[in-house]
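Asks: Compact mmCIF, C-alpha atoms, file entry08.txt:
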# COMPACT_ATOMS: atom_id res chain seq x y z
CA MET N 309 69.73 18.80 23.57
CA ASP N 310 67.45 16.36 25.39
CA ASN N 311 65.00 19.19 25.97
CA ASP N 312 65.01 20.01 22.25
CA LYS N 313 64.28 16.39 21.36
CA HIS N 314 61.48 16.23 23.94
CA SER N 315 59.99 19.45 22.58
CA GLY N 316 60.19 18.09 19.04
CA HIS N 317 58.36 14.90 20.02
CA GLU N 318 55.62 16.92 21.72
CA THR N 319 55.21 19.12 18.64
CA HIS N 320 54.98 16.06 16.36
CA ALA N 321 52.49 14.38 18.69
CA TRP N 322 50.40 17.55 18.80
CA LYS N 323 50.39 17.74 14.99
CA VAL N 324 49.32 14.09 14.72
CA SER N 325 46.63 14.57 17.33
CA PHE N 326 45.35 17.72 15.60
CA GLY N 327 45.24 15.91 12.24
CA ARG N 328 43.29 13.07 13.75
CA ARG N 329 40.82 15.46 15.36
CA VAL N 330 40.27 17.21 12.04
CA ALA N 331 39.79 13.90 10.23
CA ASN N 332 37.40 12.68 12.92
CA SER N 333 35.37 15.90 12.77
CA ALA N 334 35.23 15.77 8.97
CA ALA N 335 34.08 12.13 9.04
CA THR N 336 31.43 12.92 11.66
CA ILE N 337 30.11 15.86 9.65
CA GLY N 338 30.09 13.73 6.48
CA MET N 339 28.09 10.95 8.16
CA ALA N 340 25.66 13.48 9.63
CA CYS N 341 25.13 15.02 6.19
CA ALA N 342 24.58 11.57 4.69
CA ALA N 343 21.99 10.79 7.38
CA VAL N 344 20.19 14.07 6.63
CA LEU N 345 20.20 13.31 2.90
CA VAL N 346 18.66 9.90 3.59
CA VAL N 347 15.87 11.34 5.74
CA THR N 348 15.18 14.41 3.60
CA PRO N 349 13.37 12.64 0.69
CA LEU N 350 10.94 10.96 3.10
CA VAL N 351 10.26 14.24 4.90
CA VAL N 352 9.72 16.09 1.61
CA ILE N 353 7.42 13.39 0.18
CA PHE N 354 5.41 13.05 3.37
CA SER N 355 5.07 16.84 3.78
CA TYR N 356 3.89 17.28 0.19
CA LEU N 357 1.38 14.43 0.56
CA VAL N 358 0.00 16.02 3.72
CA TYR N 359 -0.26 19.36 1.91
CA ARG N 360 -2.11 17.90 -1.09
CA GLY N 361 -4.11 15.11 0.54
CA ILE N 362 -5.16 16.28 3.98
CA GLY N 363 -8.05 18.32 2.55
CA ALA N 364 -9.79 15.23 1.14
CA LEU N 365 -9.04 13.03 4.15
CA ASN N 366 -12.04 12.57 6.45
CA TRP N 367 -14.01 9.85 8.18
CA SER N 368 -16.13 9.15 5.10
CA PHE N 369 -12.99 8.64 3.04
CA LEU N 370 -11.89 5.89 5.44
CA THR N 371 -15.28 4.18 5.86
CA GLN N 372 -17.14 4.50 2.55
CA ILE N 373 -16.70 2.94 -0.86
CA PRO N 374 -16.26 5.12 -3.99
CA LYS N 375 -19.22 7.15 -5.21
CA PRO N 376 -20.27 7.10 -8.89
CA VAL N 377 -18.08 9.23 -11.17
CA GLY N 378 -19.08 12.89 -10.97
CA GLU N 379 -20.74 12.54 -7.56
CA ALA N 380 -18.98 14.21 -4.62
CA GLY N 381 -17.95 12.26 -1.54
CA GLY N 382 -17.19 8.60 -1.12
CA GLY N 383 -13.93 7.04 -0.03
CA MET N 384 -11.47 4.19 -0.36
CA ALA N 385 -12.50 1.88 2.46
CA ASN N 386 -12.74 -1.10 0.11
CA ALA N 387 -9.29 -0.32 -1.29
CA ILE N 388 -7.77 -0.08 2.18
CA VAL N 389 -9.24 -3.43 3.19
CA GLY N 390 -8.27 -4.96 -0.16
CA SER N 391 -4.66 -3.80 0.19
CA ALA N 392 -4.49 -5.22 3.70
CA LEU N 393 -5.78 -8.63 2.57
CA ILE N 394 -3.51 -8.76 -0.50
CA LEU N 395 -0.43 -7.85 1.53
CA LEU N 396 -1.37 -10.32 4.28
CA ILE N 397 -1.67 -13.23 1.84
CA ALA N 398 1.42 -12.09 -0.08
CA SER N 399 3.42 -12.03 3.16
CA ALA N 400 2.16 -15.52 4.04
CA ILE N 401 3.50 -16.69 0.67
CA GLY N 402 6.72 -14.71 0.31
CA ILE N 403 8.13 -14.51 3.84
CA PRO N 404 8.32 -18.25 4.68
CA LEU N 405 9.72 -19.06 1.22
CA GLY N 406 12.24 -16.23 1.46
CA ILE N 407 13.44 -17.10 4.96
CA GLY N 408 13.66 -20.80 4.12
CA SER N 409 15.67 -20.10 0.99
CA GLY N 410 17.94 -17.69 2.86
CA VAL N 411 18.61 -20.27 5.59
CA PHE N 412 19.44 -22.88 2.96
CA LEU N 413 21.86 -20.57 1.15
CA ALA N 414 23.62 -19.48 4.35
CA GLU N 415 23.84 -22.83 6.11
CA TYR N 416 23.84 -25.46 3.34
CA GLY N 417 24.22 -23.55 0.06
CA ARG N 418 28.00 -23.47 -0.42
CA ASN N 419 27.75 -25.71 -3.47
CA ARG N 420 26.66 -25.65 -7.10
CA TYR N 421 22.98 -26.00 -6.26
CA GLY N 422 23.24 -23.07 -3.85
CA ASP N 423 24.88 -20.99 -6.58
CA VAL N 424 21.94 -21.73 -8.88
CA VAL N 425 19.41 -20.70 -6.22
CA ARG N 426 21.40 -17.56 -5.42
CA PHE N 427 21.66 -16.58 -9.09
CA THR N 428 17.94 -17.22 -9.58
CA ALA N 429 17.07 -14.99 -6.62
CA ASP N 430 19.26 -12.19 -7.95
CA VAL N 431 17.70 -12.41 -11.42
CA LEU N 432 14.16 -12.54 -9.99
CA ASN N 433 14.93 -9.47 -7.89
CA GLY N 434 15.66 -7.55 -11.09
CA VAL N 435 12.62 -8.69 -13.07
CA PRO N 436 10.21 -5.75 -13.64
CA SER N 437 7.03 -5.96 -11.62
CA ILE N 438 4.86 -5.70 -14.73
CA VAL N 439 6.51 -8.87 -16.09
CA ILE N 440 5.72 -10.75 -12.89
CA GLY N 441 2.15 -9.46 -13.05
CA SER N 442 1.65 -10.54 -16.65
CA THR N 443 3.16 -13.97 -15.88
CA VAL N 444 0.78 -14.53 -12.97
CA TRP N 445 -2.04 -13.33 -15.23
CA GLY N 446 -1.14 -16.04 -17.75
CA LEU N 447 -0.77 -18.75 -15.10
CA LEU N 448 -3.69 -17.98 -12.78
CA VAL N 449 -6.10 -15.43 -14.24
CA VAL N 450 -6.32 -17.05 -17.65
CA THR N 451 -6.60 -20.51 -16.08
CA GLN N 452 -9.33 -19.44 -13.65
CA LYS N 453 -10.97 -17.23 -16.30
CA HIS N 454 -11.36 -14.30 -13.88
CA PHE N 455 -9.34 -11.79 -11.89
CA SER N 456 -8.95 -12.36 -8.17
CA LEU N 457 -7.48 -11.02 -4.95
CA PHE N 458 -5.48 -14.25 -4.55
CA SER N 459 -3.72 -13.87 -7.91
CA GLY N 460 -2.69 -10.34 -6.92
CA ALA N 461 -1.31 -11.66 -3.64
CA VAL N 462 0.64 -14.37 -5.50
CA ALA N 463 2.27 -11.75 -7.74
CA LEU N 464 3.32 -9.62 -4.77
CA GLY N 465 4.42 -12.69 -2.82
CA ILE N 466 6.74 -13.71 -5.66
CA MET N 467 8.23 -10.23 -5.62
CA MET N 468 8.95 -10.50 -1.89
CA VAL N 469 10.83 -13.80 -2.12
CA PRO N 470 14.18 -12.66 -3.59
CA THR N 471 14.56 -9.66 -1.28
CA VAL N 472 13.83 -11.71 1.83
CA THR N 473 16.05 -14.55 0.59
CA ARG N 474 19.16 -12.49 -0.06
CA SER N 475 18.81 -10.31 3.03
CA THR N 476 18.28 -13.38 5.24
CA GLU N 477 21.35 -15.07 3.77
CA GLU N 478 23.57 -12.03 4.33
CA ILE N 479 22.38 -11.56 7.90
CA LEU N 480 22.87 -15.23 8.79
CA LEU N 481 26.40 -15.16 7.36
CA MET N 482 27.18 -12.36 9.83
CA VAL N 483 26.44 -14.64 12.80
CA PRO N 484 29.87 -15.77 14.12
CA GLN N 485 30.79 -19.35 13.32
CA SER N 486 31.88 -19.77 16.93
CA VAL N 487 28.22 -19.48 17.99
CA ARG N 488 27.32 -22.46 15.81
CA GLU N 489 30.32 -24.47 16.99
CA ALA N 490 29.54 -23.78 20.65
CA ALA N 491 25.95 -24.97 20.24
CA ILE N 492 27.01 -28.10 18.31
CA GLY N 493 29.63 -28.78 20.99
CA LEU N 494 26.81 -28.99 23.54
CA GLY N 495 25.31 -31.87 21.56
CA ILE N 496 22.53 -29.92 19.86
CA SER N 497 21.54 -31.16 16.41
CA GLN N 498 22.34 -29.09 13.33
CA TRP N 499 18.75 -28.16 12.50
CA ARG N 500 18.07 -27.13 16.09
CA VAL N 501 21.18 -24.94 16.11
CA THR N 502 19.94 -23.21 12.96
CA VAL N 503 16.41 -22.67 14.23
CA SER N 504 16.99 -21.91 17.91
CA VAL N 505 20.41 -20.24 17.89
CA VAL N 506 21.32 -18.81 14.47
CA LEU N 507 17.87 -17.52 13.48
CA ARG N 508 17.23 -16.12 16.93
CA THR N 509 20.54 -14.26 16.87
CA ALA N 510 19.76 -12.76 13.47
CA THR N 511 16.09 -11.90 14.14
CA ALA N 512 16.51 -8.11 13.98
CA GLY N 513 18.31 -8.23 10.63
CA ILE N 514 15.83 -10.69 9.13
CA LEU N 515 12.94 -8.43 10.16
CA THR N 516 14.67 -5.53 8.45
CA GLY N 517 14.84 -7.52 5.20
CA ILE N 518 11.18 -8.47 5.53
CA MET N 519 10.17 -4.84 6.02
CA LEU N 520 12.19 -3.83 2.96
CA ALA N 521 10.36 -6.42 0.87
CA PHE N 522 7.01 -5.40 2.36
CA ALA N 523 7.60 -1.71 1.62
CA ARG N 524 8.65 -2.54 -1.94
CA VAL N 525 5.49 -4.43 -2.86
CA ALA N 526 2.99 -2.36 -0.84
CA GLY N 527 2.88 0.37 -3.47
CA GLU N 528 3.05 -1.78 -6.61
CA THR N 529 0.34 -1.06 -9.16
CA ALA N 530 1.30 -2.86 -12.38
CA PRO N 531 1.06 -6.45 -11.06
CA LEU N 532 -2.36 -5.75 -9.54
CA MET N 533 -3.72 -4.36 -12.82
CA PHE N 534 -3.12 -7.79 -14.37
CA THR N 535 -4.35 -9.82 -11.41
CA ALA N 536 -6.60 -8.19 -8.79
CA PHE N 537 -7.86 -5.73 -11.45
CA GLY N 538 -9.86 -3.56 -9.02
CA ASN N 539 -13.40 -3.39 -7.67
CA GLN N 540 -15.65 -0.42 -6.89
CA PHE N 541 -17.58 -2.40 -4.29
CA TRP N 542 -16.83 -4.38 -1.13
CA SER N 543 -15.05 -7.64 -1.90
CA VAL N 544 -13.10 -9.71 0.61
CA SER N 545 -13.29 -13.02 -1.22
CA PRO N 546 -9.87 -14.29 -2.38
CA ASN N 547 -11.58 -15.64 -5.51
CA GLN N 548 -13.05 -12.32 -6.66
CA PRO N 549 -11.56 -9.11 -8.12
CA ALA N 550 -10.54 -6.72 -5.37
CA SER N 551 -9.60 -3.09 -5.05
CA ALA N 552 -6.29 -1.91 -3.62
CA LEU N 553 -4.91 1.49 -2.70
CA PRO N 554 -2.27 1.63 -5.48
CA LEU N 555 -4.90 0.73 -8.09
CA GLN N 556 -7.41 3.25 -6.78
CA ILE N 557 -4.76 5.97 -6.59
CA PHE N 558 -3.75 5.30 -10.20
CA TYR N 559 -7.31 5.40 -11.50
CA TYR N 560 -8.16 8.57 -9.56
CA ALA N 561 -4.89 10.35 -10.44
CA THR N 562 -5.52 9.85 -14.16
CA SER N 563 -9.16 10.95 -13.93
CA ALA N 564 -10.40 14.20 -15.46
CA PHE N 565 -12.41 15.02 -12.30
CA GLU N 566 -10.72 17.29 -9.77
CA GLU N 567 -12.49 15.65 -6.83
CA LEU N 568 -11.03 12.26 -7.77
CA ASN N 569 -7.58 13.83 -8.13
CA ARG N 570 -7.86 15.17 -4.59
CA GLN N 571 -8.87 11.74 -3.32
CA ALA N 572 -5.88 10.24 -5.11
CA TRP N 573 -3.58 12.45 -3.03
CA ALA N 574 -5.46 11.45 0.12
CA GLY N 575 -5.11 7.77 -0.83
CA ALA N 576 -1.38 8.22 -1.35
CA LEU N 577 -1.12 9.79 2.09
CA VAL N 578 -3.02 6.90 3.67
CA LEU N 579 -0.80 4.39 1.87
CA ILE N 580 2.40 6.01 3.15
CA VAL N 581 1.01 6.21 6.69
CA LEU N 582 0.00 2.53 6.61
CA ILE N 583 3.44 1.46 5.36
CA VAL N 584 5.35 3.57 7.89
CA GLY N 585 2.99 2.57 10.69
CA THR N 586 3.26 -1.14 9.91
CA ILE N 587 7.06 -1.02 9.80
CA GLY N 588 7.17 0.97 13.05
CA ILE N 589 4.85 -1.43 14.88
CA VAL N 590 6.79 -4.49 13.71
CA ARG N 591 10.08 -2.93 14.79
CA LEU N 592 8.64 -1.95 18.18
CA VAL N 593 7.22 -5.40 18.86
CA ALA N 594 10.43 -7.07 17.66
CA SER N 595 12.66 -4.85 19.80
CA ARG N 596 10.59 -5.53 22.91
CA GLY N 597 10.65 -9.25 22.17
CA LEU N 598 14.44 -9.19 21.76
CA MET N 599 14.84 -7.22 24.97
CA LYS N 600 12.72 -9.73 26.89
CA GLY N 601 14.69 -12.59 25.36
CA ALA N 602 17.95 -10.94 26.41
CA VAL N 603 16.68 -10.50 29.96
Would you encode the structure as structure tokens?
Replies:
Amino acid sequence: MDNDKHSGHETHAWKVSFGRRVANSAATIGMACAAVLVVTPLVVIFSYLVYRGIGALNWSFLTQIPKPVGEAGGGMANAIVGSALILLIASAIGIPLGIGSGVFLAEYGRNRYGDVVRFTADVLNGVPSIVIGSTVWGLLVVTQKHFSLFSGAVALGIMMVPTVTRSTEEILLMVPQSVREAAIGLGISQWRVTVSVVLRTATAGILTGIMLAFARVAGETAPLMFTAFGNQFWSVSPNQPASALPLQIFYYATSAFEELNRQAWAGALVLIVLIVGTIGIVRLVASRGLMKGAV
């Protein structure tokens, strides 16, 4: 009888083990399929852009300004430089404000004022980009009586703030409270704990939020139509209208000339490469910095 009981236990254990293996395999396959589905759209988009845009991509496209309509050749060098300047100034506006707001919400915002800031960030995150662009147009362009690169950067910077704010808050809340308590127990002041311990611990997550915000605004066209407006010539002055890749792509894609349509595809390809390259470089530098800090 003891042998029968022992055999029954082994059979039950084998059934449980087999069920767990099946569930584990199914979960693994499901996660792998989800990962493939996430990557597939990027691969499809990038492949199609290469197919349509590689023919118009050459050295002249990257170094020359647009030619007059109907004339072959020319490029988007001024738009590439304009996009870089707009995104640089927008990041200088949006990233510090977003990180500062996120730190406040995570460390000091468990009160009514924090709820107001949090609600405002969530609402601002859902405001259409064209509304932000038209608002900045009314506040800056109309006041200055001209379009400008700076007003375009302000519009994109405003769009970056809520994403960086909420992502920074969520990442900081994931830092264990014991880390804060240990640092305070050593006699370190509260602000120093936040800056030197909490923020440093959450650096990788904060950078991810920043890159999400950067990628979101890098391809925006509507706000720039109301603010930067566009420019067919070289212009690096913050106080003058400036071209940008999304604007140039929009104008060329809606043109009746086939040559400009081809350049629009090439511009879209360059824009995607710049976004992916920037995110990759930032992640690489950040990971090396974190590894050195850990050592």
Asks: Taking into account all atoms listed in the file, which residue in the set N:Ala594, N:Ala414, N:Met384, N:Val469 is nearest to Val483 of chain N?
Replies: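 Of all the options, N:Ala414 lies closest to Val483 of chain N.
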Asks: So the first atom is atom CA of Arg570 of chain N and the second is atom CA of Ala536 of chain N; what is the distance between them in Å, to one decimal place?
Replies: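 Going from atom CA of Arg570 of chain N over to atom CA of Ala536 of chain N, I get 23.8 Å.
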Asks: List the spatial neighbours of Leu532 of chain N as number ranges by chain - criterion: any atom at most 8 Å away, all atoms listed in the file, same-chain residues fewer than 6 positions off excluded.
Replies: N: 441, 460, 463, 538, 555
Asks: Here is a test: counting only C-alpha atoms, which residue of N:Thr443, N:Thr529, N:Val450, N:Ser595 is nearest to Ser551 of chain N?
Replies: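 Among the listed residues, the smallest separation from Ser551 of chain N belongs to N:Thr529.
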Asks: Please compute the atom CA of Thr371 of chain N-atom CA of Gly383 of chain N distance, one decimal, in Å.
Replies: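 Going from atom CA of Thr371 of chain N over to atom CA of Gly383 of chain N, I get 6.7 Å.
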Asks: What's around Lys375 of chain N at 12 Å? Count all atoms listed in the file, leave out sequence neighbours fewer than 5 positions away in its own chain, and write the answer as a ChimeraX atom specification.
Replies: /N:368-369,380-386,540-541,560,567-568,571
Asks: Counting all atoms listed in the file, which of N:Gly422, N:Gly585, N:Pro549, N:Pro374 gets nearest to Glu477 of chain N?
Replies: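 When distances to Glu477 of chain N are compared using all atoms listed in the file, the smallest one comes from N:Gly422.
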Asks: Near Leu405 of chain N, within 12 Å and counting only C-alpha atoms, which residues show up once chain neighbours fewer than 4 positions away are dropped, as a VMD selection string?
Replies: chain N and resid 398 to 401 409 to 412 429 465 to 474 476 518
Asks: Could you check how far atom CA of Gly363 of chain N sits from atom CA of Ala574 of chain N, in Å to one decimal?
Replies: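 Atom CA of Ala574 of chain N lies 7.7 Å from atom CA of Gly363 of chain N.
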Asks: Near segment 491-508 of chain N, within 8 Å and counting all atoms listed in the file, which residues show up once chain neighbours fewer than 3 positions away are dropped, as a list in words?
Replies: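 In the requested format, the answer is Glu415, Leu480, Val483, Val487, Arg488 and Thr511 of chain N.
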Asks: Atoms to include: C-alpha atoms. Write the selected residues as a JSON list (two decimals), in the coordinates of the input.
Replies:
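To be explicit, this is the file written out as again-v4.json:
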[["chain", "number", "residue", "atom", "x", "y", "z"],
["N", 415, "GLU", "CA", 23.84, -22.83, 6.11],
["N", 480, "LEU", "CA", 22.87, -15.23, 8.79],
["N", 483, "VAL", "CA", 26.44, -14.64, 12.80],
["N", 487, "VAL", "CA", 28.22, -19.48, 17.99],
["N", 488, "ARG", "CA", 27.32, -22.46, 15.81],
["N", 511, "THR", "CA", 16.09, -11.90, 14.14]]
